[in-house]
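Pasting data-v9.txt here (compact mmCIF, C-alpha atoms and all ligand atoms):
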```txt
# COMPACT_ATOMS: atom_id res chain seq x y z
CA MET A 1 -59.12 137.93 -253.00
CA ARG A 2 -61.03 134.73 -253.72
CA GLN A 3 -61.88 134.18 -257.37
CA PHE A 4 -65.31 132.97 -258.46
CA THR A 5 -67.06 132.55 -261.78
CA TYR A 6 -70.39 134.22 -262.47
CA LEU A 7 -73.22 133.01 -264.72
CA ARG A 8 -76.64 134.47 -265.46
CA PRO A 9 -78.74 131.75 -267.12
CA SER A 10 -82.11 132.57 -268.61
CA THR A 11 -83.93 129.27 -267.94
CA SER A 12 -84.52 127.40 -264.70
CA LYS A 13 -83.17 124.23 -266.29
CA ALA A 14 -79.89 125.95 -267.19
CA ALA A 15 -79.69 127.37 -263.64
CA ILE A 16 -80.08 124.02 -261.92
CA ASP A 17 -77.70 122.34 -264.42
CA ALA A 18 -75.08 125.00 -263.68
CA LEU A 19 -75.46 124.46 -259.95
CA SER A 20 -75.70 120.68 -259.95
CA LYS A 21 -72.44 120.23 -261.85
CA ASP A 22 -70.40 122.13 -259.30
CA PRO A 23 -70.18 121.11 -255.62
CA ASN A 24 -69.19 124.61 -254.59
CA ALA A 25 -71.69 126.70 -256.56
CA GLN A 26 -74.46 128.88 -255.11
CA PHE A 27 -77.53 130.60 -256.53
CA ILE A 28 -77.62 134.32 -255.96
CA ALA A 29 -80.82 136.42 -255.97
CA GLY A 30 -80.81 139.85 -254.22
CA GLY A 31 -77.38 139.08 -252.78
CA THR A 32 -78.12 140.90 -249.51
CA ASN A 33 -77.15 137.89 -247.41
CA LEU A 34 -74.82 135.88 -249.63
CA ILE A 35 -72.52 138.78 -250.52
CA ASP A 36 -72.14 139.69 -246.82
CA LEU A 37 -71.20 136.09 -246.04
CA MET A 38 -68.67 136.02 -248.88
CA LYS A 39 -67.10 139.29 -247.73
CA LYS A 40 -66.72 137.93 -244.21
CA GLY A 41 -65.19 134.66 -245.43
CA VAL A 42 -68.06 132.57 -244.03
CA MET A 43 -69.04 131.23 -247.45
CA ALA A 44 -66.71 130.96 -250.44
CA PRO A 45 -68.59 129.71 -253.52
CA GLU A 46 -66.44 129.16 -256.60
CA LYS A 47 -69.38 129.76 -258.91
CA LEU A 48 -72.32 132.15 -258.55
CA VAL A 49 -75.42 131.33 -260.57
CA ASP A 50 -77.41 134.56 -260.75
CA ILE A 51 -81.10 133.71 -261.10
CA ASN A 52 -82.38 137.23 -261.74
CA ASN A 53 -83.10 136.55 -265.43
CA LEU A 54 -85.61 133.82 -264.57
CA PRO A 55 -89.33 134.67 -264.84
CA LEU A 56 -90.07 134.14 -261.13
CA LYS A 57 -91.43 137.51 -260.01
CA GLU A 58 -95.13 136.98 -260.47
CA ILE A 59 -97.70 137.33 -257.69
CA LYS A 60 -101.02 135.87 -258.81
CA LYS A 61 -104.27 134.57 -257.40
CA GLN A 62 -105.04 131.01 -258.45
CA THR A 63 -107.97 128.77 -257.56
CA GLY A 64 -107.58 128.07 -253.85
CA ASN A 65 -104.27 129.83 -253.29
CA LEU A 66 -101.99 132.79 -253.86
CA HIS A 67 -98.81 132.13 -255.84
CA ILE A 68 -95.73 134.25 -255.14
CA GLY A 69 -92.65 133.80 -257.35
CA ALA A 70 -89.29 133.25 -255.68
CA LEU A 71 -87.86 136.44 -257.18
CA ALA A 72 -90.71 138.71 -256.05
CA LEU A 73 -89.10 141.44 -253.96
CA ASN A 74 -89.91 141.66 -250.26
CA SER A 75 -91.07 145.28 -250.76
CA ASP A 76 -93.34 144.38 -253.71
CA VAL A 77 -94.90 141.45 -251.84
CA SER A 78 -95.53 143.50 -248.71
CA GLU A 79 -97.38 146.18 -250.73
CA ASN A 80 -99.15 143.89 -253.20
CA LYS A 81 -102.96 144.25 -253.14
CA LEU A 82 -103.60 140.51 -253.35
CA VAL A 83 -101.28 139.95 -250.39
CA THR A 84 -102.83 142.69 -248.27
CA GLN A 85 -106.32 141.46 -249.17
CA TYR A 86 -105.87 137.71 -248.71
CA HIS A 87 -102.87 137.41 -246.37
CA PRO A 88 -102.30 140.66 -244.46
CA LEU A 89 -100.21 138.76 -241.88
CA LEU A 90 -97.55 138.18 -244.54
CA SER A 91 -97.47 141.86 -245.40
CA LEU A 92 -97.00 142.82 -241.73
CA ALA A 93 -94.19 140.28 -241.22
CA LEU A 94 -92.33 141.47 -244.31
CA LYS A 95 -92.58 145.11 -243.28
CA ALA A 96 -91.08 144.21 -239.87
CA GLY A 97 -87.93 142.87 -241.57
CA ALA A 98 -84.64 144.65 -242.30
CA SER A 99 -85.02 148.14 -243.82
CA ALA A 100 -86.83 149.61 -246.83
CA GLN A 101 -83.59 149.58 -248.87
CA LEU A 102 -82.92 145.92 -248.09
CA ARG A 103 -86.52 144.93 -248.81
CA ASN A 104 -86.14 146.53 -252.24
CA MET A 105 -83.36 144.04 -253.04
CA ALA A 106 -84.30 140.97 -250.99
CA THR A 107 -86.34 138.24 -252.69
CA VAL A 108 -88.85 135.75 -251.29
CA GLY A 109 -86.57 132.77 -252.06
CA GLY A 110 -83.49 134.48 -250.60
CA ASN A 111 -85.38 135.53 -247.51
CA MET A 112 -86.43 132.00 -246.57
CA LEU A 113 -82.90 130.75 -247.34
CA GLN A 114 -80.96 133.43 -245.47
CA ARG A 115 -78.47 131.99 -243.01
CA THR A 116 -78.57 132.39 -239.24
CA ARG A 117 -77.30 135.60 -237.65
CA CYS A 118 -75.50 133.69 -234.87
CA PHE A 119 -72.39 135.68 -234.00
CA TYR A 120 -70.25 132.49 -233.94
CA PHE A 121 -71.42 131.51 -237.43
CA TYR A 122 -70.43 134.96 -238.73
CA GLU A 123 -66.92 134.94 -237.25
CA PRO A 124 -64.64 132.37 -238.95
CA SER A 125 -62.07 132.49 -236.12
CA LEU A 126 -64.65 131.09 -233.64
CA PRO A 127 -66.04 127.55 -233.37
CA CYS A 128 -69.33 126.87 -235.15
CA ASN A 129 -70.69 123.46 -236.14
CA LYS A 130 -72.96 125.07 -238.72
CA ARG A 131 -70.11 126.80 -240.56
CA GLU A 132 -67.48 124.12 -239.89
CA PRO A 133 -68.96 120.77 -238.77
CA GLY A 134 -67.08 119.29 -235.83
CA SER A 135 -65.57 122.59 -234.65
CA GLY A 136 -68.00 122.94 -231.71
CA CYS A 137 -70.71 125.43 -230.78
CA GLY A 138 -69.28 128.61 -229.28
CA ALA A 139 -72.71 129.89 -228.35
CA LEU A 140 -73.60 127.01 -225.98
CA GLU A 141 -71.37 128.42 -223.23
CA GLY A 142 -70.78 131.79 -224.84
CA VAL A 143 -72.72 134.89 -225.82
CA ASN A 144 -76.16 133.36 -226.37
CA ARG A 145 -78.57 136.23 -225.84
CA MET A 146 -80.11 135.92 -229.34
CA HIS A 147 -80.30 132.13 -229.36
CA ALA A 148 -82.86 129.33 -229.35
CA ILE A 149 -85.13 128.25 -226.53
CA PHE A 150 -86.92 125.52 -228.51
CA GLY A 151 -85.65 122.60 -230.58
CA TRP A 152 -81.92 123.22 -230.13
CA SER A 153 -79.28 120.50 -229.86
CA ASP A 154 -75.89 120.35 -228.15
CA LYS A 155 -74.40 120.92 -231.61
CA CYS A 156 -76.21 124.19 -232.39
CA ILE A 157 -78.46 126.71 -230.66
CA ALA A 158 -78.75 129.20 -233.53
CA VAL A 159 -82.10 130.65 -234.63
CA HIS A 160 -83.58 131.21 -238.05
CA PRO A 161 -83.68 134.97 -238.64
CA SER A 162 -86.48 135.51 -241.19
CA ASP A 163 -89.65 137.41 -240.28
CA MET A 164 -91.41 136.52 -243.53
CA ALA A 165 -90.98 132.80 -242.84
CA ILE A 166 -92.89 133.06 -239.54
CA ALA A 167 -95.98 134.29 -241.36
CA MET A 168 -95.51 131.68 -244.10
CA VAL A 169 -95.46 128.80 -241.62
CA ALA A 170 -98.48 130.18 -239.77
CA LEU A 171 -100.40 130.44 -243.07
CA ASP A 172 -99.59 126.84 -244.09
CA ALA A 173 -97.65 127.89 -247.20
CA SER A 174 -95.93 125.39 -249.48
CA VAL A 175 -92.56 125.84 -251.18
CA LEU A 176 -92.42 124.97 -254.89
CA VAL A 177 -89.09 123.47 -255.85
CA TYR A 178 -87.52 122.45 -259.17
CA GLY A 179 -84.37 120.39 -259.29
CA PRO A 180 -82.39 117.68 -261.08
CA LYS A 181 -85.10 115.13 -260.11
CA GLY A 182 -88.01 117.32 -261.23
CA ASN A 183 -90.62 119.36 -259.39
CA ARG A 184 -91.71 118.91 -255.80
CA ARG A 185 -93.73 120.76 -253.20
CA ILE A 186 -92.54 121.04 -249.60
CA PRO A 187 -94.88 122.15 -246.81
CA PHE A 188 -93.32 125.26 -245.27
CA GLN A 189 -93.44 123.53 -241.90
CA ASP A 190 -91.01 120.88 -243.23
CA PHE A 191 -88.82 123.21 -245.28
CA HIS A 192 -86.50 124.33 -242.45
CA ARG A 193 -84.87 121.78 -240.14
CA LEU A 194 -83.95 121.48 -236.50
CA PRO A 195 -80.18 121.29 -235.98
CA GLY A 196 -79.81 117.79 -234.45
CA ASP A 197 -76.35 116.42 -235.27
CA THR A 198 -76.19 118.14 -238.67
CA PRO A 199 -76.66 121.87 -238.07
CA GLU A 200 -74.81 122.65 -241.30
CA LYS A 201 -78.05 121.74 -243.10
CA ASP A 202 -80.56 124.56 -242.66
CA ASN A 203 -83.34 123.12 -244.77
CA SER A 204 -84.60 120.14 -246.75
CA LEU A 205 -83.46 121.35 -250.20
CA GLU A 206 -81.28 118.92 -252.11
CA LYS A 207 -78.21 119.87 -254.14
CA GLY A 208 -79.15 121.84 -257.23
CA GLU A 209 -82.75 122.49 -256.20
CA LEU A 210 -84.13 125.91 -257.00
CA VAL A 211 -87.01 127.51 -255.10
CA MET A 212 -89.50 128.59 -257.78
CA GLY A 213 -92.09 130.16 -255.51
CA VAL A 214 -94.53 129.67 -252.67
CA GLU A 215 -98.26 129.03 -252.55
CA ILE A 216 -100.43 130.14 -249.67
CA PRO A 217 -103.84 128.46 -249.42
CA ASP A 218 -106.90 130.69 -249.15
CA GLY A 219 -107.99 131.06 -245.56
CA PRO A 220 -110.17 133.08 -243.24
CA PHE A 221 -107.33 135.17 -241.74
CA THR A 222 -107.98 138.42 -243.54
CA LYS A 223 -108.73 140.75 -240.60
CA ASN A 224 -107.76 139.68 -237.08
CA VAL A 225 -104.03 139.26 -237.61
CA HIS A 226 -100.90 140.73 -236.06
CA TYR A 227 -97.13 140.32 -236.35
CA LEU A 228 -95.36 141.47 -233.20
CA LYS A 229 -91.60 141.75 -233.30
CA VAL A 230 -89.65 142.45 -230.11
CA ARG A 231 -86.15 143.71 -230.88
CA ASP A 232 -83.34 145.86 -229.58
CA ARG A 233 -84.03 148.72 -232.04
CA ALA A 234 -87.26 149.76 -233.73
CA SER A 235 -85.80 149.10 -237.18
CA TYR A 236 -82.92 147.26 -238.81
CA ALA A 237 -82.70 144.64 -236.05
CA PHE A 238 -83.46 140.93 -235.91
CA ALA A 239 -86.14 139.60 -233.57
CA LEU A 240 -85.41 138.67 -230.00
CA VAL A 241 -88.82 137.04 -230.22
CA SER A 242 -91.59 137.57 -232.72
CA VAL A 243 -95.15 136.31 -232.92
CA ALA A 244 -97.39 135.79 -235.94
CA ALA A 245 -101.00 135.60 -234.73
CA ALA A 246 -104.10 135.05 -236.86
CA LEU A 247 -107.64 134.59 -235.57
CA ASN A 248 -110.94 133.87 -237.25
CA ILE A 249 -113.52 135.21 -234.82
CA SER A 250 -117.25 134.79 -235.25
CA GLY A 251 -119.39 136.63 -232.71
CA LYS A 252 -117.11 136.34 -229.69
CA THR A 253 -115.86 132.83 -230.44
CA ILE A 254 -112.54 131.87 -232.01
CA LYS A 255 -113.40 129.61 -234.95
CA ASP A 256 -109.82 129.09 -236.09
CA ALA A 257 -106.37 130.25 -235.03
CA ARG A 258 -102.76 130.31 -236.18
CA LEU A 259 -99.76 131.05 -234.04
CA ALA A 260 -96.03 130.90 -234.80
CA MET A 261 -92.90 132.39 -233.30
CA GLY A 262 -89.60 133.69 -234.62
CA GLY A 263 -86.29 134.24 -232.86
CA VAL A 264 -86.79 131.14 -230.72
CA ALA A 265 -85.69 128.13 -232.81
CA HIS A 266 -83.58 126.91 -235.73
CA LYS A 267 -86.77 126.99 -237.80
CA PRO A 268 -89.98 129.03 -237.81
CA TRP A 269 -91.75 127.71 -234.71
CA ARG A 270 -95.41 126.80 -235.16
CA LEU A 271 -97.42 126.54 -231.93
CA LEU A 272 -100.00 123.88 -232.75
CA ASP A 273 -100.99 123.03 -229.16
CA ALA A 274 -101.60 126.68 -228.38
CA GLU A 275 -103.70 127.01 -231.56
CA LYS A 276 -105.86 124.06 -230.43
CA ALA A 277 -106.30 125.74 -227.05
CA LEU A 278 -107.70 128.84 -228.75
CA ILE A 279 -110.19 127.20 -231.10
CA GLY A 280 -113.79 127.18 -229.82
CA LYS A 281 -112.99 129.49 -226.91
CA PRO A 282 -114.15 133.07 -226.32
CA ALA A 283 -111.71 135.70 -227.57
CA THR A 284 -110.78 136.95 -224.09
CA GLU A 285 -107.59 137.80 -222.27
CA GLU A 286 -108.02 134.66 -220.14
CA THR A 287 -108.10 132.43 -223.24
CA PHE A 288 -105.05 134.19 -224.68
CA LYS A 289 -103.11 133.80 -221.41
CA GLN A 290 -103.82 130.07 -221.36
CA ALA A 291 -102.65 129.73 -224.95
CA ALA A 292 -99.46 131.67 -224.16
CA ASP A 293 -98.71 129.37 -221.22
CA ILE A 294 -99.21 126.30 -223.40
CA ALA A 295 -97.08 127.83 -226.17
CA MET A 296 -94.04 128.28 -223.96
CA ARG A 297 -94.15 124.81 -222.38
CA GLY A 298 -90.91 122.99 -223.06
CA ALA A 299 -88.91 126.17 -223.68
CA LYS A 300 -85.40 125.97 -222.23
CA GLY A 301 -82.99 128.88 -222.24
CA PHE A 302 -79.27 129.42 -221.67
CA LYS A 303 -77.20 131.77 -219.50
CA TYR A 304 -78.10 134.95 -221.39
CA ASN A 305 -81.39 134.21 -223.15
CA SER A 306 -83.77 132.79 -220.53
CA PHE A 307 -85.51 136.18 -220.56
CA LYS A 308 -87.04 135.05 -223.86
CA ILE A 309 -89.40 132.70 -221.99
CA PRO A 310 -91.40 135.36 -220.10
CA MET A 311 -90.92 137.74 -223.03
CA GLY A 312 -92.36 135.12 -225.39
CA LYS A 313 -95.43 134.64 -223.19
CA ASN A 314 -96.05 138.37 -223.02
CA ALA A 315 -95.50 138.78 -226.76
CA ILE A 316 -98.05 136.04 -227.55
CA LEU A 317 -100.60 137.60 -225.23
CA ASP A 318 -100.02 141.04 -226.75
CA ALA A 319 -100.13 139.77 -230.34
CA LEU A 320 -103.40 137.88 -229.76
CA LYS A 321 -105.03 140.86 -228.04
CA THR A 322 -103.98 143.19 -230.85
CA ALA A 323 -105.18 140.75 -233.53
CA ALA A 324 -108.54 140.25 -231.78
CA ALA A 325 -109.10 144.00 -231.39
CA LYS A 326 -108.93 144.71 -235.14
CA VAL A 327 -112.31 145.65 -236.59
C1 LIG A 401 -78.52 144.75 -242.01
C2 LIG A 401 -79.53 143.68 -242.31
C3 LIG A 401 -80.66 143.58 -241.52
C4 LIG A 401 -81.63 142.60 -241.79
N1 LIG A 401 -82.73 142.48 -240.99
C5 LIG A 401 -83.63 141.51 -241.24
C6 LIG A 401 -84.79 141.35 -240.43
O1 LIG A 401 -85.01 142.09 -239.48
N2 LIG A 401 -85.67 140.35 -240.75
C7 LIG A 401 -85.46 139.52 -241.81
O2 LIG A 401 -86.29 138.63 -242.05
N3 LIG A 401 -84.37 139.63 -242.58
C8 LIG A 401 -83.47 140.60 -242.32
N4 LIG A 401 -82.36 140.71 -243.10
C9 LIG A 401 -82.07 139.66 -244.08
C10 LIG A 401 -82.66 139.92 -245.42
O3 LIG A 401 -84.06 139.77 -245.35
C11 LIG A 401 -82.06 138.83 -246.32
O4 LIG A 401 -80.70 139.17 -246.52
C12 LIG A 401 -82.76 138.72 -247.64
O5 LIG A 401 -84.12 138.39 -247.48
C13 LIG A 401 -82.11 137.66 -248.52
O6 LIG A 401 -82.69 137.70 -249.80
P1 LIG A 401 -81.77 137.82 -251.09
O7 LIG A 401 -82.65 137.71 -252.26
O8 LIG A 401 -80.90 139.04 -251.01
O9 LIG A 401 -80.89 136.50 -250.90
P2 LIG A 401 -79.41 136.17 -251.38
O10 LIG A 401 -78.43 136.83 -250.50
O11 LIG A 401 -79.27 136.36 -252.85
O12 LIG A 401 -79.43 134.60 -251.12
C14 LIG A 401 -79.53 134.06 -249.81
C15 LIG A 401 -79.39 132.54 -249.93
O13 LIG A 401 -80.50 132.00 -250.62
C16 LIG A 401 -80.10 131.23 -251.74
N5 LIG A 401 -81.14 131.47 -252.74
C17 LIG A 401 -81.67 132.67 -253.08
N6 LIG A 401 -82.72 132.50 -253.91
C18 LIG A 401 -82.85 131.15 -254.10
C19 LIG A 401 -83.78 130.34 -254.83
N7 LIG A 401 -84.78 130.87 -255.53
N8 LIG A 401 -83.62 128.99 -254.80
C20 LIG A 401 -82.61 128.44 -254.08
N9 LIG A 401 -81.70 129.15 -253.37
C21 LIG A 401 -81.84 130.50 -253.36
C22 LIG A 401 -78.73 131.74 -252.10
O14 LIG A 401 -77.95 130.73 -252.70
C23 LIG A 401 -78.17 132.09 -250.72
O15 LIG A 401 -77.65 130.93 -250.10
C24 LIG A 401 -81.41 141.71 -242.88
C25 LIG A 401 -80.27 141.83 -243.68
C26 LIG A 401 -79.33 142.80 -243.41
C27 LIG A 401 -78.12 142.89 -244.30
```
So, in terms of structure tokens, how does the structure I just supplied come out?
Amino acid sequence: MRQFTYLRPSTSKAAIDALSKDPNAQFIAGGTNLIDLMKKGVMAPEKLVDINNLPLKEIKKQTGNLHIGALALNSDVSENKLVTQYHPLLSLALKAGASAQLRNMATVGGNMLQRTRCFYFYEPSLPCNKREPGSGCGALEGVNRMHAIFGWSDKCIAVHPSDMAIAMVALDASVLVYGPKGNRRIPFQDFHRLPGDTPEKDNSLEKGELVMGVEIPDGPFTKNVHYLKVRDRASYAFALVSVAAALNISGKTIKDARLAMGGVAHKPWRLLDAEKALIGKPATEETFKQAADIAMRGAKGFKYNSFKIPMGKNAILDALKTAAAKV
């Protein structure tokens, strides 16, 4: 058994101090991902800094945005009245994730920081540049059915597994961070990274930085939204592909649009060109088909996952039609 020390500080400052001093320390929130990784020998922190005593659970409306604390539970956020009123897309994405039991433990901060579900990352006897830099990527020539079709590198083709994060990126959220150098705000779009030559780094957090919460700016996407998740089972399964779609329709014209995909890249994949193709157009199947074609340009699959390209197009079309049909 591997030994580790356990601390439960009651201030954010004490939490980041405890983490910064130790190169092999980790924060723990709901523990639904980290404990699994420790049991499997994928991660072996020598110190766990439990952040559950910190006052980071609040969900509150502020001028111009909605603030959600990093320790707010996935279940609480998905049911919260402010979330369903102002950002129903987020509620739908959260409810598509994991299971009710897991959502009762999982936190907003932990969800965005969960590690990839790549089979090679989870199995320490197999090569994985993300788990052990320089060991190779087993998935490139191996079992790559779940893997990336956008933004991958020859070092890593893993995907980011969160559903919540796909809605967050579509809604232009920001991540509020506190660390040894003070506070900073990271646009959600820049929070997760592409793998490049350093796939071991999932995100742009620096050592010792604590996610305090997220802020989602007010927007017009309160009705015509949909989160479509295509997966092997109806529950308790990660996305093969998922689509977060949000439309602001006035009369029959699309005034504004947001589109992002999950299950296709190392980070939540925002589809800006496809959004531009929707804005100003009539909300018709033809417009949605064009946007779906644009969205999937540049996608490149591997031996077992090229099916994600036509599936992605169909999922975008379906998600946009469903969003547009909501009255
Ligand atoms: C069987 C199963 C099925 C699942 N299916 C899905 C699914 O379909 N969709 C989906 O989106 N997710 C799914 N999940 C993943 C689940 O959503 C995550 O495990 C959960 O959201 C992680 O949150 P947590 O609070 O438990 O994180 P933890 O396990 O406590 O932490 C995860 C990571 O985040 C870090 N961390 C946590 N909070 C902070 C913070 N505030 N600041 C800095 N670092 C922090 C920790 O150090 C750790 O590295 C599934 C999980 C399981 C076990």
- Ala106 in chain A proximity check over A:Val77, A:Met38, A:Ile316, A:Val169, using all atoms listed in the file: winner is A:Val77
- Pairwise distance for CA of Thr287 in chain A and CA of Phe302 in chain A, rounded to one decimal in Å: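 Separation of CA of Thr287 in chain A and CA of Phe302 in chain A: 29.0 Å.
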- For range 230-242 of chain A, please output as a list in words all residues within 8 Å (counting all atoms listed in the file; exclusion window: fewer than 5 positions along the same chain). Ala96, Gly97, Ala98, Ser99, Met146, Pro161, Asp163, Met261, Gly262, Gly263, Val264, Lys308, Met311, Gly312 and Ala315 of chain A
- With all atoms listed in the file as the atoms that count, which of A:Pro127, A:Gly301, A:Gly30, A:Gly138 lies nearest to ligand LIG 401 (chain A)?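 Closest to ligand LIG 401 (chain A), using all atoms listed in the file: A:Gly30.
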Which residues form the shell of 6 Å around ligand LIG 401 (chain A) when you count all atoms listed in the file, given as a compact mmCIF listing (two decimals) with C-alpha atoms, in the coordinates of the input?
```txt
# COMPACT_ATOMS: atom_id res chain seq x y z
CA GLN A 26 -74.46 128.88 -255.11
CA PHE A 27 -77.53 130.60 -256.53
CA ILE A 28 -77.62 134.32 -255.96
CA ALA A 29 -80.82 136.42 -255.97
CA GLY A 30 -80.81 139.85 -254.22
CA GLY A 31 -77.38 139.08 -252.78
CA THR A 32 -78.12 140.90 -249.51
CA ASN A 33 -77.15 137.89 -247.41
CA LEU A 34 -74.82 135.88 -249.63
CA ALA A 70 -89.29 133.25 -255.68
CA GLY A 97 -87.93 142.87 -241.57
CA ALA A 98 -84.64 144.65 -242.30
CA MET A 105 -83.36 144.04 -253.04
CA ALA A 106 -84.30 140.97 -250.99
CA THR A 107 -86.34 138.24 -252.69
CA GLY A 109 -86.57 132.77 -252.06
CA GLY A 110 -83.49 134.48 -250.60
CA ASN A 111 -85.38 135.53 -247.51
CA LEU A 113 -82.90 130.75 -247.34
CA GLN A 114 -80.96 133.43 -245.47
CA PRO A 161 -83.68 134.97 -238.64
CA SER A 162 -86.48 135.51 -241.19
CA ASP A 163 -89.65 137.41 -240.28
CA MET A 164 -91.41 136.52 -243.53
CA LEU A 210 -84.13 125.91 -257.00
CA VAL A 211 -87.01 127.51 -255.10
CA MET A 212 -89.50 128.59 -257.78
CA TYR A 236 -82.92 147.26 -238.81
CA ALA A 237 -82.70 144.64 -236.05
CA PHE A 238 -83.46 140.93 -235.91
```
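Note that the spacing between CA of Glu215 in chain A and CA of Ala295 in chain A amounts to 26.4 Å.
For the pair CA of Ser250 in chain A and CA of Ile166 in chain A, the separation is 24.8 Å.
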- Task: Give me the residues within 6 Å of Val243 in chain A as a VMD selection string, counting only C-alpha atoms and dropping any in the same chain fewer than 6 places off.
- Result: chain A and resid 227 to 228 260 to 261
- Item | Contacts of range 72-74 of chain A within 8 Å, all atoms listed in the file, excl. fewer than 2 positions in-chain, as JSON, numbers by chain | {"A": [56, 57, 58, 59, 68, 69, 70, 76, 77, 78, 94, 103, 104, 105, 106, 107, 108]}
- Message: Neighbouring residues of Ala325 in chain A were defined as those with any atom within 9 Å, considering all atoms listed in the file; residues of the same chain fewer than 4 positions away were excluded. Please report them as a list of chain:residue names.
- Response: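 The neighbour list is A:Asn224, A:Leu320, A:Lys321.
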- Item | Which residue of A:Asp197, A:Glu209, A:Tyr304, A:Arg8 approaches Lys181 in chain A most closely, using only C-alpha atoms |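 Smallest distance to Lys181 in chain A is found for A:Glu209.
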When you look at Lys281 in chain A with a cut-off of 9 Å (counting all atoms listed in the file), what residues show up, excluding the ones that are within fewer than 2 positions of it in the same chain? I need them as a short mmCIF file (atom, residue, chain, number, x, y, z; two decimals) with C-alpha atoms, in the frame of the given file.
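Once everything was written out, this is result.cif:
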```cif
data_model
loop_
_atom_site.label_atom_id
_atom_site.label_comp_id
_atom_site.auth_asym_id
_atom_site.auth_seq_id
_atom_site.Cartn_x
_atom_site.Cartn_y
_atom_site.Cartn_z
CA LYS A 252 -117.11 136.34 -229.69
CA THR A 253 -115.86 132.83 -230.44
CA ILE A 254 -112.54 131.87 -232.01
CA LYS A 255 -113.40 129.61 -234.95
CA ALA A 277 -106.30 125.74 -227.05
CA LEU A 278 -107.70 128.84 -228.75
CA ILE A 279 -110.19 127.20 -231.10
CA ALA A 283 -111.71 135.70 -227.57
CA THR A 284 -110.78 136.95 -224.09
CA THR A 287 -108.10 132.43 -223.24
#
```
- Item | Shortest interatomic distance to Val225 in chain A - which of A:Arg115, A:Lys155, A:Lys326, A:Lys276, counting only C-alpha atoms |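 Closest candidate: A:Lys326.
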Would you list the residues near (-71.1, 126.4, -234.8) (no more than 10 Å away, in the coordinates of the file, using only C-alpha atoms) as a PDB file with C-alpha atoms, in the frame of the given file?
```pdb
ATOM      1  CA  CYS A 118     -75.500 133.690-234.870  1.00  0.00           C
ATOM      2  CA  PHE A 119     -72.390 135.680-234.000  1.00  0.00           C
ATOM      3  CA  TYR A 120     -70.250 132.490-233.940  1.00  0.00           C
ATOM      4  CA  PHE A 121     -71.420 131.510-237.430  1.00  0.00           C
ATOM      5  CA  TYR A 122     -70.430 134.960-238.730  1.00  0.00           C
ATOM      6  CA  GLU A 123     -66.920 134.940-237.250  1.00  0.00           C
ATOM      7  CA  PRO A 124     -64.640 132.370-238.950  1.00  0.00           C
ATOM      8  CA  LEU A 126     -64.650 131.090-233.640  1.00  0.00           C
ATOM      9  CA  PRO A 127     -66.040 127.550-233.370  1.00  0.00           C
ATOM     10  CA  CYS A 128     -69.330 126.870-235.150  1.00  0.00           C
ATOM     11  CA  ASN A 129     -70.690 123.460-236.140  1.00  0.00           C
ATOM     12  CA  LYS A 130     -72.960 125.070-238.720  1.00  0.00           C
ATOM     13  CA  ARG A 131     -70.110 126.800-240.560  1.00  0.00           C
ATOM     14  CA  GLU A 132     -67.480 124.120-239.890  1.00  0.00           C
ATOM     15  CA  PRO A 133     -68.960 120.770-238.770  1.00  0.00           C
ATOM     16  CA  GLY A 134     -67.080 119.290-235.830  1.00  0.00           C
ATOM     17  CA  SER A 135     -65.570 122.590-234.650  1.00  0.00           C
ATOM     18  CA  GLY A 136     -68.000 122.940-231.710  1.00  0.00           C
ATOM     19  CA  CYS A 137     -70.710 125.430-230.780  1.00  0.00           C
ATOM     20  CA  GLY A 138     -69.280 128.610-229.280  1.00  0.00           C
ATOM     21  CA  ALA A 139     -72.710 129.890-228.350  1.00  0.00           C
ATOM     22  CA  LEU A 140     -73.600 127.010-225.980  1.00  0.00           C
ATOM     23  CA  LYS A 155     -74.400 120.920-231.610  1.00  0.00           C
ATOM     24  CA  CYS A 156     -76.210 124.190-232.390  1.00  0.00           C
ATOM     25  CA  ILE A 157     -78.460 126.710-230.660  1.00  0.00           C
ATOM     26  CA  ALA A 158     -78.750 129.200-233.530  1.00  0.00           C
ATOM     27  CA  PRO A 199     -76.660 121.870-238.070  1.00  0.00           C
ATOM     28  CA  GLU A 200     -74.810 122.650-241.300  1.00  0.00           C
TER      29      GLU A 200
END
```
